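File shown: query.txt. Contents: compact mmCIF, C-alpha atoms.
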```txt
# COMPACT_ATOMS: atom_id res chain seq x y z
CA MET A 27 -105.10 -39.33 43.83
CA ILE A 28 -101.34 -39.38 44.26
CA LEU A 29 -99.55 -36.98 41.96
CA SER A 30 -95.83 -36.49 41.47
CA ASP A 31 -94.38 -33.09 42.31
CA ALA A 32 -93.68 -32.49 38.62
CA VAL A 33 -97.33 -33.07 37.69
CA VAL A 34 -98.53 -30.86 40.56
CA LYS A 35 -96.28 -28.05 39.38
CA ARG A 36 -97.62 -28.36 35.81
CA MET A 37 -101.29 -28.38 36.84
CA PRO A 38 -101.60 -24.57 37.20
CA ALA A 39 -100.15 -24.18 33.69
CA TYR A 40 -102.90 -26.46 32.34
CA TYR A 41 -105.42 -24.36 34.19
CA ARG A 42 -103.99 -21.16 32.69
CA HIS A 43 -103.85 -22.47 29.13
CA LEU A 44 -107.38 -23.87 29.31
CA ARG A 45 -108.66 -20.54 30.62
CA GLU A 46 -106.99 -18.79 27.67
CA LEU A 47 -108.56 -21.29 25.25
CA GLU A 48 -111.97 -20.64 26.80
CA LYS A 49 -111.51 -16.90 26.24
CA GLU A 50 -110.60 -17.60 22.62
CA GLY A 51 -113.87 -19.51 22.29
CA VAL A 52 -112.24 -22.93 21.75
CA ARG A 53 -114.53 -25.72 22.98
CA GLN A 54 -112.52 -28.88 22.27
CA ILE A 55 -108.76 -29.37 22.11
CA SER A 56 -106.62 -32.35 21.07
CA SER A 57 -103.59 -33.49 23.05
CA ARG A 58 -101.50 -32.59 20.01
CA GLU A 59 -102.73 -29.00 19.85
CA LEU A 60 -102.56 -28.49 23.63
CA GLY A 61 -99.05 -29.96 23.58
CA ARG A 62 -98.01 -27.49 20.91
CA ARG A 63 -99.21 -24.59 23.07
CA MET A 64 -97.63 -25.90 26.26
CA ASP A 65 -94.40 -27.22 24.76
CA LEU A 66 -95.12 -30.80 25.85
CA THR A 67 -95.55 -33.97 23.79
CA PRO A 68 -99.11 -35.23 23.12
CA SER A 69 -98.39 -38.39 25.12
CA GLN A 70 -97.17 -36.30 28.07
CA ILE A 71 -100.41 -34.30 27.89
CA ARG A 72 -102.54 -37.45 27.86
CA GLN A 73 -100.59 -38.93 30.79
CA ASP A 74 -100.82 -35.74 32.85
CA ILE A 75 -104.54 -35.26 32.28
CA HIS A 76 -105.22 -38.92 33.02
CA SER A 77 -103.21 -38.68 36.25
CA PHE A 78 -105.28 -35.81 37.62
CA GLY A 79 -108.49 -37.50 36.62
CA GLY A 80 -109.53 -35.50 33.55
CA CYS A 81 -111.44 -37.18 30.71
CA GLY A 82 -111.36 -36.83 26.96
CA ARG A 83 -112.87 -38.80 24.10
CA GLN A 84 -110.77 -40.47 21.44
CA GLY A 85 -111.07 -38.48 18.23
CA CYS A 86 -112.84 -35.53 19.91
CA GLY A 87 -110.10 -34.28 22.20
CA TYR A 88 -110.74 -32.68 25.58
CA PRO A 89 -113.72 -30.48 26.39
CA VAL A 90 -112.05 -27.18 27.35
CA THR A 91 -114.51 -25.82 29.91
CA SER A 92 -115.23 -28.98 31.84
CA LEU A 93 -111.52 -29.92 31.95
CA ARG A 94 -110.67 -26.41 33.22
CA GLU A 95 -113.38 -26.70 35.87
CA HIS A 96 -112.15 -30.14 36.90
CA ILE A 97 -108.55 -28.93 37.30
CA GLY A 98 -109.82 -25.92 39.27
CA ARG A 99 -111.55 -28.27 41.70
CA VAL A 100 -108.44 -30.45 42.06
CA LEU A 101 -106.42 -27.29 42.77
CA GLY A 102 -108.95 -26.30 45.41
CA LEU A 103 -109.88 -23.07 43.63
CA GLY A 104 -113.36 -21.63 43.30
CA GLY A 105 -113.89 -21.11 47.02
CA ARG A 106 -112.37 -18.44 49.21
CA ARG A 107 -109.12 -18.77 51.14
CA ARG A 108 -108.27 -16.31 53.87
CA MET A 109 -104.73 -15.03 53.71
CA THR A 110 -102.66 -12.98 56.15
CA ILE A 111 -99.59 -11.09 54.99
CA VAL A 112 -96.70 -10.91 57.43
CA GLY A 113 -94.22 -8.21 56.49
CA ALA A 114 -95.41 -4.96 54.92
CA GLY A 115 -92.22 -4.30 52.96
CA ASN A 116 -91.93 -4.16 49.16
CA ILE A 117 -92.97 -7.75 48.56
CA GLY A 118 -95.70 -7.86 51.21
CA ARG A 119 -97.29 -4.68 49.88
CA ALA A 120 -97.08 -5.89 46.26
CA MET A 121 -98.84 -9.12 47.25
CA ALA A 122 -101.54 -7.21 49.14
CA ARG A 123 -102.20 -5.05 46.09
CA SER A 124 -102.34 -7.87 43.55
CA ALA A 125 -105.73 -8.08 41.90
CA SER A 126 -105.17 -11.53 40.42
CA PHE A 127 -104.91 -13.36 43.76
CA ALA A 128 -108.17 -11.80 44.91
CA GLN A 129 -109.84 -12.77 41.62
CA ASN A 130 -108.74 -16.35 42.27
CA GLY A 131 -110.42 -16.33 45.70
CA PHE A 132 -107.35 -15.57 47.84
CA GLU A 133 -108.54 -12.85 50.14
CA THR A 134 -106.14 -10.72 52.21
CA VAL A 135 -107.74 -10.46 55.67
CA SER A 136 -104.84 -8.89 57.58
CA ILE A 137 -101.34 -7.45 57.26
CA PHE A 138 -98.73 -7.42 60.01
CA ASP A 139 -95.41 -5.70 60.55
CA ARG A 140 -93.20 -4.88 63.51
CA ASP A 141 -92.12 -1.45 62.24
CA ALA A 142 -93.92 1.36 64.11
CA ALA A 143 -93.61 3.54 61.00
CA LYS A 144 -95.69 1.05 59.01
CA ILE A 145 -98.25 0.06 61.65
CA GLY A 146 -101.57 1.83 61.09
CA ARG A 147 -100.88 2.57 57.43
CA ASP A 148 -103.40 1.35 54.89
CA VAL A 149 -102.38 -1.10 52.13
CA ASN A 150 -105.10 -1.61 49.54
CA GLY A 151 -107.85 -1.19 52.13
CA THR A 152 -106.25 -3.29 54.88
CA PRO A 153 -104.52 -1.59 57.84
CA VAL A 154 -101.04 -2.77 58.86
CA GLN A 155 -101.23 -4.20 62.39
CA ASP A 156 -98.58 -4.79 65.04
CA VAL A 157 -97.10 -8.27 64.76
CA ALA A 158 -96.67 -8.26 68.55
CA GLU A 159 -100.45 -8.69 68.67
CA LEU A 160 -100.52 -11.49 66.09
CA GLU A 161 -101.99 -14.15 68.38
CA ARG A 162 -104.84 -11.99 69.66
CA LEU A 163 -105.73 -10.55 66.26
CA MET A 164 -105.59 -13.91 64.48
CA GLN A 165 -108.28 -15.15 66.85
CA GLU A 166 -110.56 -12.40 65.60
CA GLU A 167 -109.55 -12.78 61.96
CA PRO A 168 -108.29 -16.31 61.37
CA ALA A 169 -106.43 -17.17 58.17
CA GLU A 170 -105.57 -20.39 56.39
CA ILE A 171 -102.58 -19.07 54.44
CA ALA A 172 -99.73 -16.81 55.52
CA VAL A 173 -97.59 -14.86 53.08
CA LEU A 174 -94.21 -14.66 54.78
CA ALA A 175 -92.44 -11.58 53.46
CA VAL A 176 -89.97 -10.97 56.28
CA PRO A 177 -86.17 -11.11 56.64
CA ALA A 178 -84.68 -14.62 56.75
CA ALA A 179 -83.66 -14.29 60.38
CA ASN A 180 -87.29 -13.85 61.54
CA ALA A 181 -88.98 -16.35 59.23
CA GLN A 182 -88.79 -19.55 61.28
CA ALA A 183 -90.00 -18.00 64.55
CA LEU A 184 -92.87 -16.23 62.80
CA ALA A 185 -93.86 -19.39 60.93
CA GLU A 186 -94.06 -21.26 64.24
CA ARG A 187 -96.24 -18.53 65.77
CA LEU A 188 -98.51 -18.58 62.70
CA TYR A 189 -98.73 -22.36 62.83
CA ALA A 190 -99.81 -22.13 66.48
CA CYS A 191 -102.55 -19.71 65.32
CA GLY A 192 -103.91 -22.35 62.95
CA VAL A 193 -102.23 -21.34 59.68
CA ARG A 194 -101.41 -24.41 57.58
CA GLY A 195 -100.40 -22.90 54.24
CA PHE A 196 -97.14 -20.95 54.09
CA TRP A 197 -96.23 -18.92 51.03
CA ASN A 198 -92.65 -18.20 51.92
CA PHE A 199 -90.76 -15.31 50.29
CA ALA A 200 -88.04 -15.25 52.98
CA PRO A 201 -84.70 -16.74 51.89
CA ALA A 202 -84.90 -19.42 54.57
CA ASP A 203 -85.98 -23.07 54.70
CA LEU A 204 -88.89 -23.43 57.12
CA ARG A 205 -89.15 -26.44 59.40
CA LEU A 206 -92.77 -27.05 60.34
CA PRO A 207 -94.96 -30.00 61.36
CA GLU A 208 -95.99 -32.43 58.62
CA ASP A 209 -99.50 -31.03 58.21
CA ALA A 210 -98.17 -27.64 57.12
CA ALA A 211 -97.79 -26.96 53.40
CA VAL A 212 -94.94 -24.69 52.32
CA GLU A 213 -94.44 -23.12 48.91
CA ASN A 214 -91.21 -21.18 48.57
CA VAL A 215 -90.69 -18.22 46.27
CA HIS A 216 -86.99 -17.55 46.57
CA LEU A 217 -86.54 -14.52 44.34
CA ASP A 218 -82.82 -14.04 44.95
CA GLU A 219 -82.20 -17.66 44.03
CA SER A 220 -84.26 -17.41 40.87
CA LEU A 221 -82.21 -14.40 39.78
CA GLU A 222 -79.00 -16.31 40.58
CA VAL A 223 -80.13 -19.19 38.35
CA LEU A 224 -80.69 -16.66 35.55
CA SER A 225 -77.21 -15.28 36.19
CA PHE A 226 -75.80 -18.83 35.95
CA ARG A 227 -77.52 -19.42 32.59
CA LEU A 228 -76.12 -16.16 31.21
CA SER A 229 -72.60 -17.03 32.41
CA GLN A 230 -72.91 -20.53 30.97
CA ARG A 231 -73.86 -19.13 27.57
CA ALA A 232 -71.01 -16.63 27.70
CA ARG A 233 -68.54 -19.43 28.55
CA ALA A 234 -69.89 -21.63 25.73
CA ALA A 235 -69.60 -18.75 23.26
CA ALA A 236 -66.03 -18.01 24.40
CA GLU A 237 -65.04 -21.67 23.94
CA LYS A 238 -66.39 -21.68 20.39
CA GLU A 239 -64.09 -18.84 19.35
CA MET B 28 -69.42 -28.31 33.04
CA ILE B 29 -72.83 -29.75 32.25
CA LEU B 30 -75.23 -29.60 35.16
CA SER B 31 -78.73 -31.00 35.42
CA ASP B 32 -81.57 -28.54 35.98
CA ALA B 33 -82.08 -29.95 39.48
CA VAL B 34 -78.46 -29.26 40.44
CA VAL B 35 -78.60 -25.76 38.93
CA LYS B 36 -81.71 -24.99 40.96
CA ARG B 37 -80.01 -26.19 44.17
CA MET B 38 -76.82 -24.21 43.61
CA PRO B 39 -78.19 -20.89 44.97
CA ALA B 40 -79.29 -22.70 48.13
CA TYR B 41 -75.72 -23.93 48.65
CA TYR B 42 -74.52 -20.39 48.15
CA ARG B 43 -77.02 -19.09 50.71
CA HIS B 44 -76.23 -21.72 53.34
CA LEU B 45 -72.48 -21.26 52.94
CA ARG B 46 -72.90 -17.49 53.32
CA GLU B 47 -74.83 -18.06 56.54
CA LEU B 48 -72.12 -20.43 57.81
CA GLU B 49 -69.48 -17.80 57.04
CA LYS B 50 -71.43 -15.26 59.10
CA GLU B 51 -71.59 -17.75 61.96
CA GLY B 52 -67.81 -18.02 61.79
CA VAL B 53 -67.77 -21.66 60.61
CA ARG B 54 -64.65 -22.40 58.53
CA GLN B 55 -65.06 -26.08 57.61
CA ILE B 56 -68.18 -28.14 57.17
CA SER B 57 -68.74 -31.86 56.62
CA SER B 58 -71.18 -33.21 54.04
CA ARG B 59 -73.15 -34.70 56.93
CA GLU B 60 -73.56 -31.38 58.74
CA LEU B 61 -74.30 -29.44 55.54
CA GLY B 62 -76.81 -32.12 54.59
CA ARG B 63 -78.54 -31.75 57.93
CA ARG B 64 -78.90 -27.98 57.38
CA MET B 65 -80.08 -28.34 53.79
CA ASP B 66 -82.27 -31.41 54.24
CA LEU B 67 -80.20 -33.48 51.80
CA THR B 68 -78.27 -36.71 52.34
CA PRO B 69 -74.48 -36.48 52.77
CA SER B 70 -73.97 -38.45 49.55
CA GLN B 71 -76.25 -36.04 47.66
CA ILE B 72 -74.19 -33.14 49.01
CA ARG B 73 -70.92 -34.76 47.90
CA GLN B 74 -72.33 -35.51 44.44
CA ASP B 75 -73.70 -31.98 43.98
CA ILE B 76 -70.50 -30.28 45.10
CA HIS B 77 -68.41 -32.56 42.93
CA SER B 78 -70.64 -31.85 39.93
CA PHE B 79 -70.14 -28.10 40.14
CA GLY B 80 -66.42 -28.51 40.66
CA GLY B 81 -66.04 -27.80 44.37
CA CYS B 82 -63.32 -29.53 46.39
CA GLY B 83 -63.14 -30.89 49.89
CA ARG B 84 -60.66 -33.06 51.75
CA GLN B 85 -61.56 -36.44 53.21
CA GLY B 86 -61.87 -36.09 56.96
CA CYS B 87 -61.69 -32.29 56.94
CA GLY B 88 -64.91 -31.44 55.12
CA TYR B 89 -65.35 -28.46 52.85
CA PRO B 90 -63.68 -25.07 53.36
CA VAL B 91 -66.70 -22.74 53.73
CA THR B 92 -65.31 -19.52 52.29
CA SER B 93 -63.52 -20.90 49.27
CA LEU B 94 -66.46 -23.18 48.39
CA ARG B 95 -68.84 -20.20 48.67
CA GLU B 96 -66.54 -18.14 46.45
CA HIS B 97 -66.29 -20.98 43.92
CA ILE B 98 -70.08 -21.36 43.70
CA GLY B 99 -70.44 -17.58 43.37
CA ARG B 100 -68.11 -17.67 40.34
CA VAL B 101 -70.02 -20.58 38.76
CA LEU B 102 -73.26 -18.62 39.29
CA GLY B 103 -71.66 -15.62 37.59
CA LEU B 104 -72.02 -13.42 40.67
CA GLY B 105 -69.49 -10.92 41.93
CA GLY B 106 -69.59 -8.67 38.88
CA ARG B 107 -72.33 -6.26 37.90
CA ARG B 108 -75.28 -7.09 35.69
CA ARG B 109 -77.37 -4.31 34.22
CA MET B 110 -81.10 -4.88 34.55
CA THR B 111 -84.08 -3.07 33.06
CA ILE B 112 -87.53 -3.36 34.60
CA VAL B 113 -90.45 -3.39 32.18
CA GLY B 114 -93.74 -2.70 33.93
CA ALA B 115 -93.89 -0.28 36.88
CA GLY B 116 -96.84 -1.98 38.60
CA ASN B 117 -96.77 -3.61 42.04
CA ILE B 118 -94.23 -6.27 41.12
CA GLY B 119 -92.01 -4.06 38.98
CA ARG B 120 -91.79 -1.42 41.70
CA ALA B 121 -91.10 -4.04 44.40
CA MET B 122 -88.25 -5.42 42.30
CA ALA B 123 -86.83 -1.94 41.70
CA ARG B 124 -86.83 -1.26 45.45
CA SER B 125 -85.25 -4.54 46.51
CA ALA B 126 -81.96 -3.98 48.26
CA SER B 127 -80.84 -7.59 48.04
CA PHE B 128 -80.63 -7.73 44.25
CA ALA B 129 -78.50 -4.60 44.21
CA GLN B 130 -76.23 -6.07 46.90
CA ASN B 131 -75.76 -9.12 44.69
CA GLY B 132 -74.64 -6.92 41.78
CA PHE B 133 -77.93 -6.72 39.87
CA GLU B 134 -78.25 -3.04 39.09
CA THR B 135 -81.52 -1.48 37.90
CA VAL B 136 -80.54 0.89 35.09
CA SER B 137 -84.01 1.73 33.75
CA ILE B 138 -87.74 1.24 34.30
CA PHE B 139 -90.37 1.35 31.58
CA ASP B 140 -94.16 1.54 31.51
CA ARG B 141 -96.79 2.53 28.96
CA ASP B 142 -99.10 4.26 31.47
CA ALA B 143 -98.86 8.05 31.19
CA ALA B 144 -99.77 8.33 34.89
CA LYS B 145 -96.62 6.38 35.81
CA ILE B 146 -94.16 7.81 33.27
CA GLY B 147 -91.88 10.40 34.89
CA ARG B 148 -92.43 9.11 38.41
CA ASP B 149 -89.38 8.12 40.41
CA VAL B 150 -88.98 4.57 41.76
CA ASN B 151 -86.05 4.19 44.13
CA GLY B 152 -84.04 6.81 42.26
CA THR B 153 -84.84 5.65 38.73
CA PRO B 154 -87.43 7.52 36.63
CA VAL B 155 -90.15 5.55 34.85
CA GLN B 156 -89.73 6.01 31.10
CA ASP B 157 -92.13 5.57 28.20
CA VAL B 158 -91.94 2.02 26.80
CA ALA B 159 -92.72 3.49 23.36
CA GLU B 160 -89.15 4.79 23.44
CA LEU B 161 -87.63 1.49 24.57
CA GLU B 162 -85.42 0.99 21.50
CA ARG B 163 -83.92 4.48 21.59
CA LEU B 164 -83.37 4.53 25.35
CA MET B 165 -81.89 1.03 25.47
CA GLN B 166 -79.18 2.20 23.09
CA GLU B 167 -78.18 4.84 25.63
CA GLU B 168 -78.56 2.52 28.64
CA PRO B 169 -78.14 -1.10 27.50
CA ALA B 170 -79.11 -3.94 29.82
CA GLU B 171 -78.34 -7.63 29.93
CA ILE B 172 -81.39 -8.68 31.95
CA ALA B 173 -85.03 -7.63 31.67
CA VAL B 174 -87.52 -8.03 34.48
CA LEU B 175 -90.83 -8.58 32.68
CA ALA B 176 -93.58 -7.43 35.02
CA VAL B 177 -96.35 -6.79 32.50
CA PRO B 178 -99.75 -8.38 31.73
CA ALA B 179 -99.60 -11.75 29.98
CA ALA B 180 -101.03 -10.35 26.74
CA ASN B 181 -98.07 -7.96 26.28
CA ALA B 182 -95.26 -10.23 27.45
CA GLN B 183 -94.26 -11.98 24.21
CA ALA B 184 -94.19 -8.82 22.06
CA LEU B 185 -92.17 -6.94 24.70
CA ALA B 186 -89.76 -9.85 25.12
CA GLU B 187 -89.11 -9.81 21.37
CA ARG B 188 -88.45 -6.07 21.37
CA LEU B 189 -86.10 -6.46 24.35
CA TYR B 190 -84.29 -9.32 22.63
CA ALA B 191 -83.80 -7.11 19.57
CA CYS B 192 -82.24 -4.52 21.94
CA GLY B 193 -79.65 -7.07 23.05
CA VAL B 194 -81.27 -8.37 26.24
CA ARG B 195 -80.47 -12.08 26.72
CA GLY B 196 -81.70 -12.75 30.27
CA PHE B 197 -85.44 -12.64 30.90
CA TRP B 198 -86.82 -12.73 34.43
CA ASN B 199 -90.43 -13.30 33.57
CA PHE B 200 -93.19 -12.51 36.09
CA ALA B 201 -95.93 -12.45 33.43
CA PRO B 202 -98.20 -15.53 33.42
CA ALA B 203 -97.15 -16.42 29.87
CA ASP B 204 -94.64 -18.81 28.30
CA LEU B 205 -92.11 -16.82 26.29
CA ARG B 206 -90.82 -18.11 22.96
CA LEU B 207 -87.41 -16.67 22.24
CA PRO B 208 -84.29 -17.65 20.26
CA GLU B 209 -82.04 -20.30 21.78
CA ASP B 210 -79.44 -17.90 23.11
CA ALA B 211 -81.97 -16.23 25.42
CA ALA B 212 -82.22 -17.46 29.01
CA VAL B 213 -85.65 -17.32 30.66
CA GLU B 214 -86.41 -17.76 34.35
CA ASN B 215 -90.11 -17.73 35.16
CA VAL B 216 -91.62 -16.57 38.44
CA HIS B 217 -95.26 -17.49 38.08
CA LEU B 218 -96.72 -16.21 41.34
CA ASP B 219 -100.34 -17.16 40.62
CA GLU B 220 -99.25 -20.70 39.83
CA SER B 221 -97.18 -20.97 42.98
CA LEU B 222 -100.21 -19.91 45.05
CA GLU B 223 -102.36 -22.46 43.19
CA VAL B 224 -99.89 -25.23 44.06
CA LEU B 225 -100.18 -24.18 47.72
CA SER B 226 -103.96 -24.28 47.39
CA PHE B 227 -103.71 -27.80 45.95
CA ARG B 228 -101.55 -28.99 48.86
CA LEU B 229 -104.06 -27.59 51.37
CA SER B 230 -106.98 -29.26 49.57
CA GLN B 231 -105.07 -32.53 49.38
CA ARG B 232 -104.48 -32.47 53.13
CA ALA B 233 -108.12 -31.64 53.80
CA ARG B 234 -109.22 -34.54 51.57
CA ALA B 235 -106.80 -36.94 53.29
CA ALA B 236 -108.04 -35.83 56.72
CA ALA B 237 -111.68 -36.28 55.63
CA GLU B 238 -110.95 -39.80 54.38
CA LYS B 239 -109.39 -40.77 57.70
CA GLU B 240 -112.56 -39.89 59.59
```
Can the structure in the file be given as structure tokens, please?
Amino acid sequence: MILSDAVVKRMPAYYRHLRELEKEGVRQISSRELGRRMDLTPSQIRQDIHSFGGCGRQGCGYPVTSLREHIGRVLGLGGRRRMTIVGAGNIGRAMARSASFAQNGFETVSIFDRDAAKIGRDVNGTPVQDVAELERLMQEEPAEIAVLAVPAANAQALAERLYACGVRGFWNFAPADLRLPEDAAVENVHLDESLEVLSFRLSQRARAAAEKE
Amino acid sequence: MILSDAVVKRMPAYYRHLRELEKEGVRQISSRELGRRMDLTPSQIRQDIHSFGGCGRQGCGYPVTSLREHIGRVLGLGGRRRMTIVGAGNIGRAMARSASFAQNGFETVSIFDRDAAKIGRDVNGTPVQDVAELERLMQEEPAEIAVLAVPAANAQALAERLYACGVRGFWNFAPADLRLPEDAAVENVHLDESLEVLSFRLSQRARAAAEKE
């Protein structure tokens, strides 16, 4: 299955909407109705679902539960994924405390920081450990995913150390572009940049309004 | 200036890279060298910079500082933008404590929650106020941007109340699609979905590796 980046990015939204429909007790949904909820055209919906291998029946629509389960399997959910958090600052701590990741099977197995004032403190049941001991401690508690919540200047070096420890999934909150071997997967969450895009949209609207006057 | 969504989303990365170059003392940069740093082709760089109105000189490259300043103006940075945070949970508190937003001119003027246990508590110098009093308090302390860090079920209703209070920029961390009038700007940060995309990429690699064997 080869999926475009755009389809991959929409898949979690399908998963979320189908989960909501399940909670509402809906058992079948048409491409038209799902499109209305997701702000996509019915033909876009049919194309997307076809591309990630979901099935429906003409005239009946899609079976909500089995389509949600199918998408969950394609996303690799349902099992457990061990996650280490590197950086016990505001973002790292917020991620460690999130209940929704844990519910989805993403389990925080360790938290690291370099700050002596943070080392030894407990964050949601997990003690903060010294990042100087990363290699040794990761042998005891391996992880598949690393949440990188460190300053930009340290991100690349830490990512390389984590890669050497066997981490292949990088959830990167540092405002830096990581360069890693091809078999590493990187998802960036660049919060500053997201806020700057919002600032651009507000400025654009203000300029458009000023021109109208 | 009409910019495609893709260009808008890249603009903050240009801003970030140019700021780093300034710190390194670089005064001019060619499209080839900037492309190498940003993982884009030189012709893509020239097209992007042209589209958001930046200038360079053939043979000399782009002047780092003035291009960075130009992009900052297009992004609407440099001034101050008043921001209210709705939801004093893990994410809301992390956003309130972030130093980098404040440095960029995004100023947290208020924080709201509905939980009596949180109301009155101080987060980075700002007291958590009762969201039941949102309308009255927003008159005293208006804000242009709202950080929505609330459960999905409450997001739409709160967004509508905030819109009625004059908020036009919505930084939405709730796993919900907001429906607001056309003059509202919404930037979504769907953390669960980002982690699910990472999970998909890891599964995809595992499947590809299994097929090779």
d(atom CA of B:Phe79, atom CA of B:Arg43) in Å: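 Spanning atom CA of B:Phe79 to atom CA of B:Arg43 is a straight-line distance of 15.5 Å.
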Which residues of chain A are close to chain B, meaning at most 6 Å apart when you count only C-alpha atoms, and how do they look as a PyMOL selection string? chain A and resi 38+101-102+116-117+120+213+219+224-226+229
Atomic separation - atom CA of B:Ala170 relative to atom CA of B:Glu134, Å: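 Result for atom CA of B:Glu134 versus atom CA of B:Ala170: 9.4 Å, one decimal.
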Could you name the residues that touch A:Arg58 at 10 Å or less, counting all atoms listed in the file, but leaving out those on the same chain fewer than 6 positions away, as a ChimeraX atom specification? /A:64,66-72,87
As an exercise, work out the distance from atom CA of A:Ile137 to atom CA of A:Ile111 in Å and give it to one decimal place.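 We find that atom CA of A:Ile137 and atom CA of A:Ile111 lie 4.6 Å from each other.
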Point out the residue among A:Ile75, A:Val154, A:Ala181, A:Leu29 with the least atom-to-atom distance to A:Tyr88, counting all atoms listed in the file.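 Nearest to A:Tyr88: A:Ile75.
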Measuring atom to atom with only C-alpha atoms, identify which of A:Ala178, A:Val193, A:Ala183, A:Ala128 is nearest to A:Gly105.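 Ranked by minimum distance to A:Gly105, first place goes to A:Ala128.
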Excluding B:Ala143 and residues on its chain fewer than 3 positions from it, collect all residues at most 12 Å away from it, counting all atoms listed in the file, and give them as a compact mmCIF listing (two decimals) with C-alpha atoms, keeping the file's coordinate frame.
```
# COMPACT_ATOMS: atom_id res chain seq x y z
CA ALA B 115 -93.89 -0.28 36.88
CA PHE B 139 -90.37 1.35 31.58
CA ASP B 140 -94.16 1.54 31.51
CA ILE B 146 -94.16 7.81 33.27
CA GLY B 147 -91.88 10.40 34.89
CA ARG B 148 -92.43 9.11 38.41
CA VAL B 155 -90.15 5.55 34.85
CA GLN B 156 -89.73 6.01 31.10
CA ASP B 157 -92.13 5.57 28.20
CA VAL B 158 -91.94 2.02 26.80
CA ALA B 159 -92.72 3.49 23.36
```
Would you fill the gaps in stretch 206-210 of chain A so it has all heavy atoms, then print it as a PDB file, keeping the file's coordinate frame?
```pdb
ATOM      1  N   LEU A 206     -91.453 -27.086  59.699  1.00  0.00           N
ATOM      2  CA  LEU A 206     -92.770 -27.050  60.340  1.00  0.00           C
ATOM      3  C   LEU A 206     -93.333 -28.466  60.419  1.00  0.00           C
ATOM      4  O   LEU A 206     -92.869 -29.361  59.710  1.00  0.00           O
ATOM      5  CB  LEU A 206     -93.705 -26.166  59.512  1.00  0.00           C
ATOM      6  CG  LEU A 206     -93.367 -24.666  59.534  1.00  0.00           C
ATOM      7  CD1 LEU A 206     -94.117 -23.918  58.460  1.00  0.00           C
ATOM      8  CD2 LEU A 206     -93.670 -24.062  60.910  1.00  0.00           C
ATOM      9  N   PRO A 207     -94.345 -28.678  61.270  1.00  0.00           N
ATOM     10  CA  PRO A 207     -94.960 -30.000  61.360  1.00  0.00           C
ATOM     11  C   PRO A 207     -95.470 -30.478  60.003  1.00  0.00           C
ATOM     12  O   PRO A 207     -95.740 -29.663  59.110  1.00  0.00           O
ATOM     13  CB  PRO A 207     -96.107 -29.793  62.349  1.00  0.00           C
ATOM     14  CG  PRO A 207     -95.682 -28.637  63.177  1.00  0.00           C
ATOM     15  CD  PRO A 207     -94.909 -27.740  62.254  1.00  0.00           C
ATOM     16  N   GLU A 208     -95.636 -31.789  59.897  1.00  0.00           N
ATOM     17  CA  GLU A 208     -95.990 -32.430  58.620  1.00  0.00           C
ATOM     18  C   GLU A 208     -97.271 -31.912  57.992  1.00  0.00           C
ATOM     19  O   GLU A 208     -97.423 -31.973  56.770  1.00  0.00           O
ATOM     20  CB  GLU A 208     -96.134 -33.938  58.853  1.00  0.00           C
ATOM     21  CG  GLU A 208     -94.818 -34.683  58.793  1.00  0.00           C
ATOM     22  CD  GLU A 208     -94.898 -35.828  57.792  1.00  0.00           C
ATOM     23  OE1 GLU A 208     -95.963 -36.465  57.743  1.00  0.00           O
ATOM     24  OE2 GLU A 208     -93.908 -36.063  57.080  1.00  0.00           O
ATOM     25  N   ASP A 209     -98.232 -31.459  58.804  1.00  0.00           N
ATOM     26  CA  ASP A 209     -99.500 -31.030  58.210  1.00  0.00           C
ATOM     27  C   ASP A 209     -99.474 -29.593  57.705  1.00  0.00           C
ATOM     28  O   ASP A 209    -100.500 -29.062  57.280  1.00  0.00           O
ATOM     29  CB  ASP A 209    -100.673 -31.263  59.170  1.00  0.00           C
ATOM     30  CG  ASP A 209    -100.571 -30.411  60.418  1.00  0.00           C
ATOM     31  OD1 ASP A 209     -99.436 -30.011  60.781  1.00  0.00           O
ATOM     32  OD2 ASP A 209    -101.610 -30.141  61.043  1.00  0.00           O
ATOM     33  N   ALA A 210     -98.298 -28.970  57.730  1.00  0.00           N
ATOM     34  CA  ALA A 210     -98.170 -27.640  57.120  1.00  0.00           C
ATOM     35  C   ALA A 210     -97.705 -27.800  55.677  1.00  0.00           C
ATOM     36  O   ALA A 210     -96.916 -28.684  55.371  1.00  0.00           O
ATOM     37  CB  ALA A 210     -97.168 -26.805  57.896  1.00  0.00           C
TER      38      ALA A 210
END
```
